[in-house]
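*Asks:* Below is the file final-v3.pdb, with PDB, C-alpha atoms and all ligand atoms.
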ATOM      1  CA  MET A 293      -3.675   6.076 -16.252
ATOM      2  CA  ALA A 294      -4.229   4.233 -12.986
ATOM      3  CA  LEU A 295      -5.249   6.822 -10.404
ATOM      4  CA  GLY A 296      -4.986   5.712  -6.784
ATOM      5  CA  SER A 297      -4.308   2.444  -5.025
ATOM      6  CA  CYS A 298      -7.537   0.746  -6.148
ATOM      7  CA  ALA A 299      -6.669   1.281  -9.812
ATOM      8  CA  CYS A 300      -2.978   0.461  -9.283
ATOM      9  CA  PHE A 301      -3.407  -2.823  -7.426
ATOM     10  CA  GLY A 302      -6.942  -3.226  -6.107
ATOM     11  CA  GLY A 303      -6.669  -1.199  -2.915
ATOM     12  CA  VAL A 304      -8.709  -2.146   0.125
ATOM     13  CA  ASN A 305     -11.315  -3.733  -2.183
ATOM     14  CA  GLN A 306      -8.913  -6.535  -3.137
ATOM     15  CA  LEU A 307      -9.129  -7.938   0.391
ATOM     16  CA  LYS A 308     -12.130  -9.974  -0.737
ATOM     17  CA  ASN A 309      -9.907 -11.814  -3.233
ATOM     18  CA  ARG A 310      -8.270 -13.517  -0.267
ATOM     19  CA  PHE A 311     -11.438 -15.534   0.317
ATOM     20  CA  GLU A 312     -12.440 -18.654  -1.614
ATOM     21  CA  ASN A 313     -16.114 -18.114  -0.960
ATOM     22  CA  LEU A 314     -17.389 -14.730  -2.140
ATOM     23  CA  ASP A 315     -20.931 -15.637  -1.001
ATOM     24  CA  TRP A 316     -19.597 -15.786   2.554
ATOM     25  CA  VAL A 317     -17.940 -12.399   2.075
ATOM     26  CA  LYS A 318     -21.180 -10.877   0.735
ATOM     27  CA  ARG A 319     -23.115 -12.152   3.740
ATOM     28  CA  GLN A 320     -20.548 -10.680   6.132
ATOM     29  CA  VAL A 321     -20.618  -7.277   4.418
ATOM     30  CA  TYR A 322     -24.217  -6.916   3.267
ATOM     31  CA  GLY A 323     -26.084  -9.286   5.573
ATOM     32  CA  LYS A 324     -29.515 -10.152   4.175
ATOM     33  CA  HIS A 325     -29.161  -7.783   1.227
ATOM     34  CA  PRO A 326     -26.166  -9.064  -0.775
ATOM     35  CA  ILE A 327     -25.270  -7.478  -4.096
ATOM     36  CA  ASP A 328     -23.439  -8.977  -7.056
ATOM     37  CA  THR A 329     -19.702  -8.921  -6.698
ATOM     38  CA  ALA A 330     -16.682 -10.177  -8.604
ATOM     39  CA  PRO A 331     -12.984 -10.550  -7.804
ATOM     40  CA  VAL A 332     -11.098  -7.254  -7.886
ATOM     41  CA  LYS A 333      -8.517  -6.645 -10.616
ATOM     42  CA  ALA A 334      -5.856  -3.995 -11.031
ATOM     43  CA  LEU A 335      -6.525  -1.709 -13.996
ATOM     44  CA  GLU A 336      -3.497  -3.092 -15.848
ATOM     45  CA  GLU A 337      -5.081  -6.554 -15.800
ATOM     46  CA  VAL A 338      -7.848  -5.163 -18.025
ATOM     47  CA  VAL A 339      -6.311  -2.412 -20.181
ATOM     48  CA  ASN A 340      -2.822  -1.098 -20.915
ATOM     49  CA  VAL A 341      -1.627   1.363 -18.290
ATOM     50  CA  ASP A 342       0.883   4.097 -19.141
ATOM     51  CA  LEU A 343       1.123   5.759 -15.755
ATOM     52  CA  ARG A 344       0.386   4.808 -12.159
ATOM     53  CA  ILE A 345      -0.370   7.459  -9.557
ATOM     54  CA  TYR A 346      -0.179   5.769  -6.191
ATOM     55  CA  GLY A 347      -1.856   6.481  -2.875
ATOM     56  CA  CYS A 348      -5.009   6.078  -0.841
ATOM     57  CA  PRO A 349      -5.795   8.855  -1.034
ATOM     58  CA  ILE A 350      -3.610  10.251  -3.807
ATOM     59  CA  LYS A 351      -1.428  13.190  -2.785
ATOM     60  CA  LYS A 352      -2.773  16.455  -4.212
ATOM     61  CA  GLU A 353       0.652  18.030  -4.626
ATOM     62  CA  GLU A 354       1.991  14.977  -6.434
ATOM     63  CA  VAL A 355      -0.940  14.934  -8.871
ATOM     64  CA  GLU A 356      -0.543  18.660  -9.553
ATOM     65  CA  LYS A 357       3.133  18.121 -10.309
ATOM     66  CA  ILE A 358       2.416  15.165 -12.602
ATOM     67  CA  VAL A 359      -0.248  17.107 -14.541
ATOM     68  CA  LEU A 360       2.102  20.071 -14.885
ATOM     69  CA  HIS A 361       4.931  17.873 -16.158
ATOM     70  CA  ILE A 362       2.640  16.196 -18.693
ATOM     71  CA  ALA A 363       1.330  19.578 -19.878
ATOM     72  CA  LEU A 364       4.889  20.867 -20.292
ATOM     73  CA  GLY A 365       6.068  17.694 -22.003
ATOM     74  CA  LYS A 366       8.477  16.896 -19.172
ATOM     75  CA  SER A 367       9.062  13.388 -17.902
ATOM     76  CA  VAL A 368       7.080  12.214 -14.898
ATOM     77  CA  VAL A 369       9.215  10.903 -12.053
ATOM     78  CA  ILE A 370       7.600   8.728  -9.385
ATOM     79  CA  PRO A 371       9.854   8.054  -6.359
ATOM     80  CA  LYS A 372      11.391   4.593  -6.196
ATOM     81  CA  TYR A 373      12.817   5.016  -2.689
ATOM     82  CA  PRO A 374      10.896   4.245   0.518
ATOM     83  CA  VAL A 375       8.786   6.484   2.777
ATOM     84  CA  CYS A 376      11.557   6.360   5.421
ATOM     85  CA  MET A 377      13.630   8.715   3.230
ATOM     86  CA  GLU A 378      10.940  11.402   3.383
ATOM     87  CA  CYS A 379      10.304  10.673   7.041
ATOM     88  CA  LYS A 380      13.952  11.278   7.913
ATOM     89  CA  ALA A 381      14.025  14.432   5.759
ATOM     90  CA  ASN A 382      11.032  15.641   7.786
ATOM     91  CA  GLU A 383      13.033  14.989  10.966
ATOM     92  CA  ASN A 384      10.395  12.717  12.508
ATOM     93  CA  ILE A 385      11.169  10.456  15.424
ATOM     94  CA  CYS A 386      10.934   6.889  14.123
ATOM     95  CA  LEU A 387       7.673   5.337  15.273
ATOM     96  CA  PHE A 388       9.414   2.001  15.809
ATOM     97  CA  ASP A 389      11.149   3.656  18.748
ATOM     98  CA  ILE A 390       7.817   4.361  20.425
ATOM     99  CA  GLY A 391       6.323   0.935  19.738
ATOM    100  CA  GLU A 392       4.314   1.699  16.606
ATOM    101  CA  LEU A 393       4.280  -0.566  13.549
ATOM    102  CA  CYS A 394       5.227   1.189  10.297
ATOM    103  CA  LEU A 395       5.708  -0.031   6.705
ATOM    104  CA  GLY A 396       7.811   3.002   5.780
ATOM    105  CA  PRO A 397      10.959   0.930   5.111
ATOM    106  CA  VAL A 398       9.335  -0.966   2.229
ATOM    107  CA  THR A 399       6.687   1.439   0.896
ATOM    108  CA  ARG A 400       7.117   3.730  -2.105
ATOM    109  CA  ALA A 401       7.610   7.377  -1.139
ATOM    110  CA  GLY A 402       5.805  10.343  -2.650
ATOM    111  CA  CYS A 403       3.323  11.122   0.126
ATOM    112  CA  ASP A 404       5.929  13.171   2.025
ATOM    113  CA  SER A 405       5.665  10.604   4.873
ATOM    114  CA  TRP A 406       2.109  11.703   5.479
ATOM    115  CA  CYS A 407       1.187   9.168   8.158
ATOM    116  CA  PRO A 408       4.444   9.084  10.197
ATOM    117  CA  SER A 409       4.527  12.895  10.128
ATOM    118  CA  ASN A 410       1.143  12.724  11.849
ATOM    119  CA  ASN A 411       2.219  10.077  14.376
ATOM    120  CA  ALA A 412       0.603   7.153  12.575
ATOM    121  CA  GLY A 413       2.454   4.180  11.122
ATOM    122  CA  CYS A 414       2.510   3.698   7.368
ATOM    123  CA  TRP A 415       0.077   1.073   5.990
ATOM    124  CA  GLY A 416       1.758   0.749   2.610
ATOM    125  CA  CYS A 417      -0.976   2.437   0.573
ATOM    126  CA  ARG A 418       1.469   3.375  -2.192
ATOM    127  CA  GLY A 419       2.698  -0.194  -2.639
ATOM    128  CA  PRO A 420       6.275  -1.425  -2.526
ATOM    129  CA  ALA A 421       9.327   0.740  -3.080
ATOM    130  CA  GLU A 422      11.796  -0.560  -5.645
ATOM    131  CA  ASP A 423      13.840  -3.428  -4.191
ATOM    132  CA  ALA A 424      11.667  -3.469  -1.064
ATOM    133  CA  ASN A 425      13.107  -6.092   1.270
ATOM    134  CA  VAL A 426       9.912  -7.308   2.920
ATOM    135  CA  LYS A 427      11.551 -10.444   4.302
ATOM    136  CA  HIS A 428      14.172  -8.481   6.207
ATOM    137  CA  MET A 429      11.682  -5.885   7.387
ATOM    138  CA  LYS A 430       9.489  -8.645   8.811
ATOM    139  CA  GLU A 431      12.468 -10.040  10.729
ATOM    140  CA  ILE A 432      13.227  -6.609  12.215
ATOM    141  CA  MET A 433       9.573  -6.065  13.131
ATOM    142  CA  LYS A 434       9.456  -9.416  14.867
ATOM    143  CA  GLU A 435      12.622  -8.544  16.797
ATOM    144  CA  LYS A 436      10.857  -5.385  17.918
ATOM    145  CA  GLY A 437       7.982  -7.447  19.263
ATOM    146  CA  PHE A 438       5.344  -7.136  16.540
ATOM    147  CA  SER A 439       3.354 -10.270  15.790
ATOM    148  CA  GLU A 440       3.392 -12.045  12.413
ATOM    149  CA  LYS A 441      -0.381 -11.508  12.217
ATOM    150  CA  SER A 442      -0.190  -7.746  12.670
ATOM    151  CA  ILE A 443       2.581  -7.449  10.067
ATOM    152  CA  ILE A 444       0.723  -9.574   7.494
ATOM    153  CA  GLU A 445      -2.544  -7.718   8.089
ATOM    154  CA  ARG A 446      -0.845  -4.444   7.348
ATOM    155  CA  LEU A 447       0.989  -5.716   4.265
ATOM    156  CA  ASP A 448      -2.285  -7.201   3.050
ATOM    157  CA  CYS A 449      -4.383  -4.074   3.361
ATOM    158  CA  PHE A 450      -3.955  -2.213   0.059
ATOM    159  CA  GLY A 451      -2.866  -5.016  -2.262
ATOM    160  CA  GLY A 452       0.463  -3.557  -3.339
ATOM    161  CA  PHE A 453       2.426  -6.324  -1.650
ATOM    162  CA  ALA A 454       0.221  -9.190  -2.856
ATOM    163  CA  HIS A 455       2.895 -10.600  -5.185
ATOM    164  CA  PHE A 456       5.507 -10.882  -2.429
ATOM    165  CA  PRO A 457       6.221 -14.482  -1.367
ATOM    166  CA  GLU A 458       5.667 -13.529   2.280
ATOM    167  CA  LEU A 459       1.991 -12.967   1.438
ATOM    168  CA  LYS A 460       1.547 -15.440  -1.404
ATOM    169  CA  LYS A 461       2.405 -18.468   0.706
ATOM    170  CA  LYS A 462      -0.415 -17.542   3.051
ATOM    171  CA  GLY A 463      -2.923 -18.798   0.465
ATOM    172  CA  LYS A 464      -6.668 -18.277   0.371
ATOM    173  CA  ARG A 465      -8.952 -18.220   3.333
ATOM    174  CA  LYS A 466     -12.203 -20.122   3.555
TER     175      LYS A 466
HETATM  176  S1  LIG B 501       8.433   6.182  11.347
HETATM  177 FE1  LIG B 501       8.202   4.726   9.669
HETATM  178  S2  LIG B 501       8.693   5.897   7.838
HETATM  179 FE2  LIG B 501       9.511   7.030   9.584
HETATM  180  S3  LIG B 501      11.651   6.325   9.768
HETATM  181 FE3  LIG B 501      10.405   5.071  11.134
HETATM  182  S4  LIG B 501       9.899   3.243   9.899
HETATM  183 FE4  LIG B 501      10.580   4.849   8.484
HETATM  184  S1  LIG B 502       2.704   7.038   4.973
HETATM  185 FE1  LIG B 502       2.217   5.083   3.979
HETATM  186  S2  LIG B 502       0.021   4.713   4.321
HETATM  187 FE2  LIG B 502       0.475   6.898   4.790
HETATM  188  S3  LIG B 502       0.036   7.985   2.877
HETATM  189 FE3  LIG B 502       2.231   7.494   2.865
HETATM  190  S4  LIG B 502       2.397   5.518   1.810
HETATM  191 FE4  LIG B 502       0.240   5.809   2.382
END
Show me this structure written as structure tokens.

*Replies:*
Amino acid sequence: MALGSCACFGGVNQLKNRFENLDWVKRQVYGKHPIDTAPVKALEEVVNVDLRIYGCPIKKEEVEKIVLHIALGKSVVIPKYPVCMECKANENICLFDIGELCLGPVTRAGCDSWCPSNNAGCWGCRGPAEDANVKHMKEIMKEKGFSEKSIIERLDCFGGFAHFPELKKKGKRK
């Protein structure tokens, strides 16, 4: 079982994989006292994974429900739809309308729109929703005045969108 974004797709730790030179990364992070480090892998790259529980952090209520369903022998259902669905159900004002970037349209729901419900844009910690249209979302964000850099930085953060062409073509940094 992959528990949390780091186990599911590397989480914030996978940001170092974007750099060719891990020695440079170690110096930036640890200064004169570097420690050994290796590229980050998702759990499923090492062992078979039967279940992914997304989130950074994971949502307590979702984990409780999953454990209960497993104990009762019921199937576990992880939402495939995006955070926007929960956000609308919670009757939030869309943050786009007040100039805040938000990855809700492409991110997997299940957190009950935690960040937008607290006036913060989604950073995509639960990874992509099924059929997430990142290309189209980027176009809309650009129309709304957000820079390519700010969009990519946000998509990059937790690693869930790493396989999308919009991020892949960016390539490695120095
Ligand atoms: S605030 Fe974010 S999650 Fe909520 S409706 Fe707008 S884009 Fe979707
Ligand atoms: S709103 Fe986005 S970043 Fe916030 S907890 Fe939910 S999926 Fe994660």

*Asks:* Taking only C-alpha atoms and all ligand atoms into account, report as a PyMOL selection string which residues have an atom no farther than 12 Å from an atom of ligand LIG 501 (chain B).

*Replies:* chain A and resi 373-416+429-430+432-433+436

*Asks:* Could you pull the residues within 9 Å of Gly347 (chain A), counting all atoms listed in the file, minus those fewer than 2 positions along the same chain, as JSON, numbers by chain?

*Replies:* {"A": [295, 296, 297, 298, 300, 345, 349, 350, 351, 402, 403, 416, 417, 418, 419]}

*Asks:* Edge lengths and centre in Å to one decimal, as JSON, is what I'm after for the box along x, y and z that holds all listed atoms of region 384-396 of chain A once 8 Å is added on each side.

*Replies:*
{"center_x": 7.7, "center_y": 6.1, "center_z": 13.1, "size_x": 22.9, "size_y": 29.3, "size_z": 30.6}

*Asks:* Name the residues captured by the PyMOL selection byres (((chain A and resi 450) around 6) and not hetatm) when it is applied to the shown file; answer as an mmCIF file with C-alpha atoms, in the frame of the given file.

*Replies:*
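Writing the result to part.cif gives the following:
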data_model
loop_
_atom_site.group_PDB
_atom_site.id
_atom_site.type_symbol
_atom_site.label_atom_id
_atom_site.label_comp_id
_atom_site.auth_asym_id
_atom_site.auth_seq_id
_atom_site.Cartn_x
_atom_site.Cartn_y
_atom_site.Cartn_z
ATOM 1 C CA GLY A 303 -6.669 -1.199 -2.915
ATOM 2 C CA VAL A 304 -8.709 -2.146 0.125
ATOM 3 C CA CYS A 417 -0.976 2.437 0.573
ATOM 4 C CA CYS A 449 -4.383 -4.074 3.361
ATOM 5 C CA GLY A 451 -2.866 -5.016 -2.262
ATOM 6 C CA GLY A 452 0.463 -3.557 -3.339
#

*Asks:* Would you pick out the contacts of region 306-318 of chain A at 9 Å or less, using all atoms listed in the file, so that residues sharing its chain but fewer than 2 positions from it are not included, and give the list as a PyMOL selection string?

*Replies:* chain A and resi 298+301-304+320-323+325-334+448-451+463-466

*Asks:* Nearest to ligand LIG 502 (chain B): which of A:Val355, A:Cys348, A:Val338, A:Ala421 is it, counting all atoms listed in the file?

*Replies:* A:Cys348

*Asks:* To test your reading of the syntax: which residues would the PyMOL selection byres (((chain A and resi 427) around 12) and not hetatm) return for the file shown? Reply as a list of chain:residue names.

*Replies:*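 Applying the expression gives A:Pro397, A:Val398, A:Asp423, A:Ala424, A:Asn425, A:Val426, A:His428, A:Met429, A:Lys430, A:Glu431, A:Ile432, A:Met433, A:Lys434, A:Glu440, A:Ile443, A:Ile444, A:Leu447, A:Phe453, A:Phe456, A:Pro457, A:Glu458, A:Leu459.
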
*Asks:* Using all atoms listed in the file, can you tell me which of A:His455, A:Glu354, A:Ser439, A:Arg319 comes closest to Ile370 (chain A)?

*Replies:*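 Distance minimum relative to Ile370 (chain A) lands on A:Glu354.
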
*Asks:* The PyMOL selection byres (((chain A and resi 293) around 10) and not hetatm) on the file shown: which residues, as a count of residues only?

*Replies:* 14

*Asks:* Closest to ligand LIG 502 (chain B) among A:Ala454, A:Arg446, A:Lys324, A:Leu360, using only C-alpha atoms and all ligand atoms?

*Replies:* A:Arg446

*Asks:* In Å to one decimal, how far is atom FE4 of ligand LIG 502 (chain B) from CA of Tyr346 (chain A)?

*Replies:*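 The value is 8.6 Å.
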
*Asks:* What separation in Å, quoted to one decimal, exists between CA of Pro420 (chain A) and CA of Gly365 (chain A)?

*Replies:*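 CA of Pro420 (chain A) sits 27.3 Å away from CA of Gly365 (chain A).
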
*Asks:* Between A:Ser442, A:Lys366, A:Pro371, A:Glu435, which is the closest to ligand LIG 502 (chain B) once you count all atoms listed in the file?

*Replies:* A:Pro371

*Asks:* One decimal, in Å: what's the spacing between CA of Lys357 (chain A) and CA of Val369 (chain A)?

*Replies:*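 Answer for the CA of Lys357 (chain A) to CA of Val369 (chain A) separation: 9.6 Å.
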